[in-house]
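A.B. asks: Following this message is one structure expressed as structure tokens.
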Amino acid sequence: MMGNEPISNRADDGGLSRRRVLLGTAGTALAGLAGCITRGEDSGLEGRITIDGSNTLLPNSALVAELFMWENNQVDIPVSGSGTGAGFQQFCRGETELQNASRAISDDEREQCEENNVDWLELEVVLDGLAVMKHPQNDWCDCLTVDQLNRMWERGSDVETWADLDDDNDGWPDEPISFYGRDAASGTYDYFTEQINGAVGNIRNDYSGSPDTNNIIRGVRGNQYAVGFGGAGYYYENEDDVDLIAIDNGDGCVIPTPETIEAQEYQPLSRPMFLYVRLDELERPEFREFMRFYLENTQETARDVGFYAVPDETIEDQREKLEDAIERYT
């Protein structure tokens, strides 16, 4: 149950960030969040808006929803994180109004939405970076090239030990690598496999896949020879437990930081993340105002929960897209 003020106005408790508070409140979902907002302001707006999809984008949308509900306490906005792929299945059946997505909609999902007469608008709302993580006692591998990542992760990979990647004969240990990453329902999985291995779903078959990045963190911190990938924000919540491997895309070794991601220097694992909007719902005043509120606040909330802000010009473009859609649908 939330207290007498929104999370964004409270001091962190024992060093917990807003992202950790939000994730800890609900695990993989914040479906009960709406019922806990018992105070705040009654603006006259009322209704219910359901959000599902990307587990990675969940903390940002949850914080925006919490702030909006504080100012509009008769509007309920449950936020869940079933994964980008599973979320699109619901969204394209017309079961949810908003879809968090850590990748763009696929052709198959477009067809499903079309078959169900679900018209949508894509909004770019935050930037994210995918972190490649290692155990803190891994003192031999500080940086990997994109080619080395491909050799590690591609389907049919013959890389089994760290020594298999030791191109410079630096004495990397001849110890088996344990691989951890997101599962096939995740947009993070789609993005990583496409950028590193050239095609969505191209990945070695012996890695441990999970819908929850926290499980990846636990796997990596429990094995000195492990490696895993997931949203960079999760790394910054667990800096005492795991460490980063920098990525060399041809211009030197770069780690994901707010500066390198917002400047798009961390490549190829920086990405935009999206909010998909059911256009017919724009007829509802509470829905229109929530969408405007989302775009007004997402740059600040993104940084609050461990993401990275899209540029001002991108936000202005998204606002224009939204207002054009509101004009067409109201």
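Following the order of the structure tokens, chains are lettered A, B, ..., residues in each are numbered from 1, and ligands are numbered from 1.
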Please list as a PyMOL selection string every residue within 9 Å of Ala131 in chain A, counting only C-alpha atoms and excluding residues in the same chain fewer than 5 positions away.

C.D. replies: chain A and resi 228-235+244-246+255-256+269

A.B. asks: Find the residues near range 291-304 of chain A: any atom within 9 Å, counting only C-alpha atoms, skip ones fewer than 5 places away on the same chain, and give them as a PyMOL selection string.

C.D. replies: chain A and resi 8+17-19+59-61+63-65+68+123+125-127+258+277+282+286+309-312+315-316+318-319+322-323

A.B. asks: Generate a file of the selected residues that holds N, CA and C atoms, formatted as a PDB file, in the first residue's frame.

C.D. replies:
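The file below, out_39.pdb, is the result:
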```
ATOM      1  N   SER A   8       7.824   9.367  -5.978  1.00  0.00           N
ATOM      2  CA  SER A   8       8.801  10.317  -6.499  1.00  0.00           C
ATOM      3  C   SER A   8       9.125  11.421  -5.517  1.00  0.00           C
ATOM      4  N   SER A  17      16.510   2.716  -4.673  1.00  0.00           N
ATOM      5  CA  SER A  17      16.093   3.677  -5.685  1.00  0.00           C
ATOM      6  C   SER A  17      14.617   3.501  -5.981  1.00  0.00           C
ATOM      7  N   ARG A  18      14.062   4.459  -6.720  1.00  0.00           N
ATOM      8  CA  ARG A  18      12.659   4.361  -7.094  1.00  0.00           C
ATOM      9  C   ARG A  18      12.413   3.119  -7.932  1.00  0.00           C
ATOM     10  N   ARG A  19      13.358   2.782  -8.798  1.00  0.00           N
ATOM     11  CA  ARG A  19      13.192   1.578  -9.610  1.00  0.00           C
ATOM     12  C   ARG A  19      13.051   0.344  -8.729  1.00  0.00           C
ATOM     13  N   PRO A  59       9.071  -0.354 -15.056  1.00  0.00           N
ATOM     14  CA  PRO A  59       9.278   0.632 -13.990  1.00  0.00           C
ATOM     15  C   PRO A  59       8.975   2.061 -14.409  1.00  0.00           C
ATOM     16  N   ASN A  60       9.288   2.420 -15.655  1.00  0.00           N
ATOM     17  CA  ASN A  60       9.005   3.781 -16.103  1.00  0.00           C
ATOM     18  C   ASN A  60       7.507   4.026 -16.193  1.00  0.00           C
ATOM     19  N   SER A  61       6.789   3.115 -16.835  1.00  0.00           N
ATOM     20  CA  SER A  61       5.347   3.302 -16.968  1.00  0.00           C
ATOM     21  C   SER A  61       4.653   3.252 -15.616  1.00  0.00           C
ATOM     22  N   LEU A  63       5.919   4.259 -12.735  1.00  0.00           N
ATOM     23  CA  LEU A  63       6.132   5.517 -12.031  1.00  0.00           C
ATOM     24  C   LEU A  63       5.283   6.631 -12.637  1.00  0.00           C
ATOM     25  N   VAL A  64       5.211   6.690 -13.971  1.00  0.00           N
ATOM     26  CA  VAL A  64       4.350   7.694 -14.595  1.00  0.00           C
ATOM     27  C   VAL A  64       2.904   7.490 -14.153  1.00  0.00           C
ATOM     28  N   ALA A  65       2.462   6.238 -14.130  1.00  0.00           N
ATOM     29  CA  ALA A  65       1.091   5.948 -13.711  1.00  0.00           C
ATOM     30  C   ALA A  65       0.856   6.362 -12.263  1.00  0.00           C
ATOM     31  N   PHE A  68       0.526  10.109 -12.068  1.00  0.00           N
ATOM     32  CA  PHE A  68      -0.746  10.555 -12.636  1.00  0.00           C
ATOM     33  C   PHE A  68      -1.896  10.246 -11.695  1.00  0.00           C
ATOM     34  N   LEU A 123       4.846   5.399 -29.903  1.00  0.00           N
ATOM     35  CA  LEU A 123       5.542   6.534 -29.319  1.00  0.00           C
ATOM     36  C   LEU A 123       6.874   6.069 -28.739  1.00  0.00           C
ATOM     37  N   VAL A 125       9.560   6.539 -26.054  1.00  0.00           N
ATOM     38  CA  VAL A 125       9.426   7.189 -24.750  1.00  0.00           C
ATOM     39  C   VAL A 125      10.694   7.199 -23.901  1.00  0.00           C
ATOM     40  N   VAL A 126      11.579   6.230 -24.059  1.00  0.00           N
ATOM     41  CA  VAL A 126      12.836   6.236 -23.305  1.00  0.00           C
ATOM     42  C   VAL A 126      13.928   5.595 -24.154  1.00  0.00           C
ATOM     43  N   LEU A 127      15.163   5.795 -23.716  1.00  0.00           N
ATOM     44  CA  LEU A 127      16.295   5.056 -24.254  1.00  0.00           C
ATOM     45  C   LEU A 127      16.753   4.043 -23.210  1.00  0.00           C
ATOM     46  N   PRO A 258      24.655   6.765 -18.491  1.00  0.00           N
ATOM     47  CA  PRO A 258      23.720   7.766 -19.019  1.00  0.00           C
ATOM     48  C   PRO A 258      24.332   8.601 -20.142  1.00  0.00           C
ATOM     49  N   VAL A 277      -0.153   2.756 -28.370  1.00  0.00           N
ATOM     50  CA  VAL A 277      -1.382   3.390 -27.891  1.00  0.00           C
ATOM     51  C   VAL A 277      -2.562   2.905 -28.732  1.00  0.00           C
ATOM     52  N   LEU A 282      -8.468   7.071 -27.373  1.00  0.00           N
ATOM     53  CA  LEU A 282      -8.280   8.520 -27.280  1.00  0.00           C
ATOM     54  C   LEU A 282      -9.603   9.269 -27.187  1.00  0.00           C
ATOM     55  N   GLU A 286      -9.836  10.778 -19.854  1.00  0.00           N
ATOM     56  CA  GLU A 286      -8.795  10.373 -18.906  1.00  0.00           C
ATOM     57  C   GLU A 286      -7.614   9.733 -19.645  1.00  0.00           C
ATOM     58  N   ALA A 309      17.026   9.393 -20.984  1.00  0.00           N
ATOM     59  CA  ALA A 309      16.014  10.252 -21.595  1.00  0.00           C
ATOM     60  C   ALA A 309      16.226  10.380 -23.097  1.00  0.00           C
ATOM     61  N   VAL A 310      15.121  10.297 -23.844  1.00  0.00           N
ATOM     62  CA  VAL A 310      15.190  10.603 -25.266  1.00  0.00           C
ATOM     63  C   VAL A 310      15.410  12.105 -25.421  1.00  0.00           C
ATOM     64  N   PRO A 311      16.004  12.536 -26.535  1.00  0.00           N
ATOM     65  CA  PRO A 311      16.273  13.963 -26.719  1.00  0.00           C
ATOM     66  C   PRO A 311      14.999  14.800 -26.742  1.00  0.00           C
ATOM     67  N   ASP A 312      15.152  16.097 -26.448  1.00  0.00           N
ATOM     68  CA  ASP A 312      14.007  17.007 -26.457  1.00  0.00           C
ATOM     69  C   ASP A 312      13.284  16.987 -27.790  1.00  0.00           C
ATOM     70  N   ILE A 315      10.954  14.034 -28.042  1.00  0.00           N
ATOM     71  CA  ILE A 315       9.723  14.229 -27.279  1.00  0.00           C
ATOM     72  C   ILE A 315       8.767  15.156 -28.023  1.00  0.00           C
ATOM     73  N   GLU A 316       9.287  16.215 -28.603  1.00  0.00           N
ATOM     74  CA  GLU A 316       8.423  17.133 -29.358  1.00  0.00           C
ATOM     75  C   GLU A 316       7.778  16.421 -30.533  1.00  0.00           C
ATOM     76  N   GLN A 318       7.053  13.247 -30.682  1.00  0.00           N
ATOM     77  CA  GLN A 318       6.031  12.331 -30.146  1.00  0.00           C
ATOM     78  C   GLN A 318       4.773  13.104 -29.740  1.00  0.00           C
ATOM     79  N   ARG A 319       4.958  14.292 -29.173  1.00  0.00           N
ATOM     80  CA  ARG A 319       3.798  15.111 -28.808  1.00  0.00           C
ATOM     81  C   ARG A 319       2.992  15.496 -30.038  1.00  0.00           C
ATOM     82  N   LEU A 322       1.027  12.527 -31.138  1.00  0.00           N
ATOM     83  CA  LEU A 322      -0.113  12.298 -30.254  1.00  0.00           C
ATOM     84  C   LEU A 322      -1.221  13.296 -30.518  1.00  0.00           C
ATOM     85  N   GLU A 323      -0.893  14.576 -30.610  1.00  0.00           N
ATOM     86  CA  GLU A 323      -1.931  15.586 -30.809  1.00  0.00           C
ATOM     87  C   GLU A 323      -2.609  15.417 -32.159  1.00  0.00           C
TER      88      GLU A 323
END
```

A.B. asks: What are the DSSP strand (DSSP E) residues of range 155-296 of chain A, as a PyMOL selection string?

C.D. replies: chain A and resi 178-182+208-210+226-231+243-248+253-254+270-278

A.B. asks: So how many Å separate CA of Gly94 in chain A and CA of Asn116 in chain A, to one decimal?

C.D. replies: 7.4 Å

A.B. asks: Quick one: residues within 7 Å of Asp174 in chain A, only C-alpha atoms counted, chain neighbours fewer than 4 positions away excluded, as JSON, numbers by chain?

C.D. replies: {"A": [161, 162, 163]}

A.B. asks: Set the distance at 12 Å and use only C-alpha atoms: which residues neighbour Asp139 in chain A once local chain neighbours fewer than 3 positions away are removed? I'd like the list as a list in words.

C.D. replies: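 Listing them by chain and then by number gives Lys134, His135, Pro136, Asp142, Cys143, Trp162, Asp170, Gly171, Trp172, Pro173, Gln224, Tyr225, Asp243, Leu244 and Ile245 of chain A.
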
A.B. asks: Nearest residue to Gly40 in chain A out of A:Leu57, A:Met273, A:Leu67, A:Ala86, using only C-alpha atoms?

C.D. replies: A:Leu67

A.B. asks: Could you list, with a cut-off of 8 Å and counting only C-alpha atoms, the residues of range 16-135 of chain A near range 180-192 of chain A, each shown with its nearest atom pair and the distance in Å rounded to one decimal, rows sorted by chain and ascending number, as a Markdown table?

C.D. replies:
```
| residue | atom | partner | partner_atom | distance |
| --- | --- | --- | --- | --- |
| A:Ser54 | CA | A:Gly187 | CA | 7.0 |
| A:Asn55 | CA | A:Ser186 | CA | 7.9 |
| A:Thr56 | CA | A:Thr188 | CA | 7.8 |
| A:Gly83 | CA | A:Ser186 | CA | 5.2 |
| A:Thr84 | CA | A:Gly187 | CA | 5.3 |
| A:Gly85 | CA | A:Ala185 | CA | 5.1 |
| A:Ala86 | CA | A:Ala185 | CA | 6.5 |
| A:Ala101 | CA | A:Gly187 | CA | 6.8 |
| A:Ser102 | CA | A:Gly187 | CA | 4.9 |
| A:Arg103 | CA | A:Gly187 | CA | 5.3 |
| A:Leu130 | CA | A:Phe192 | CA | 7.7 |
```
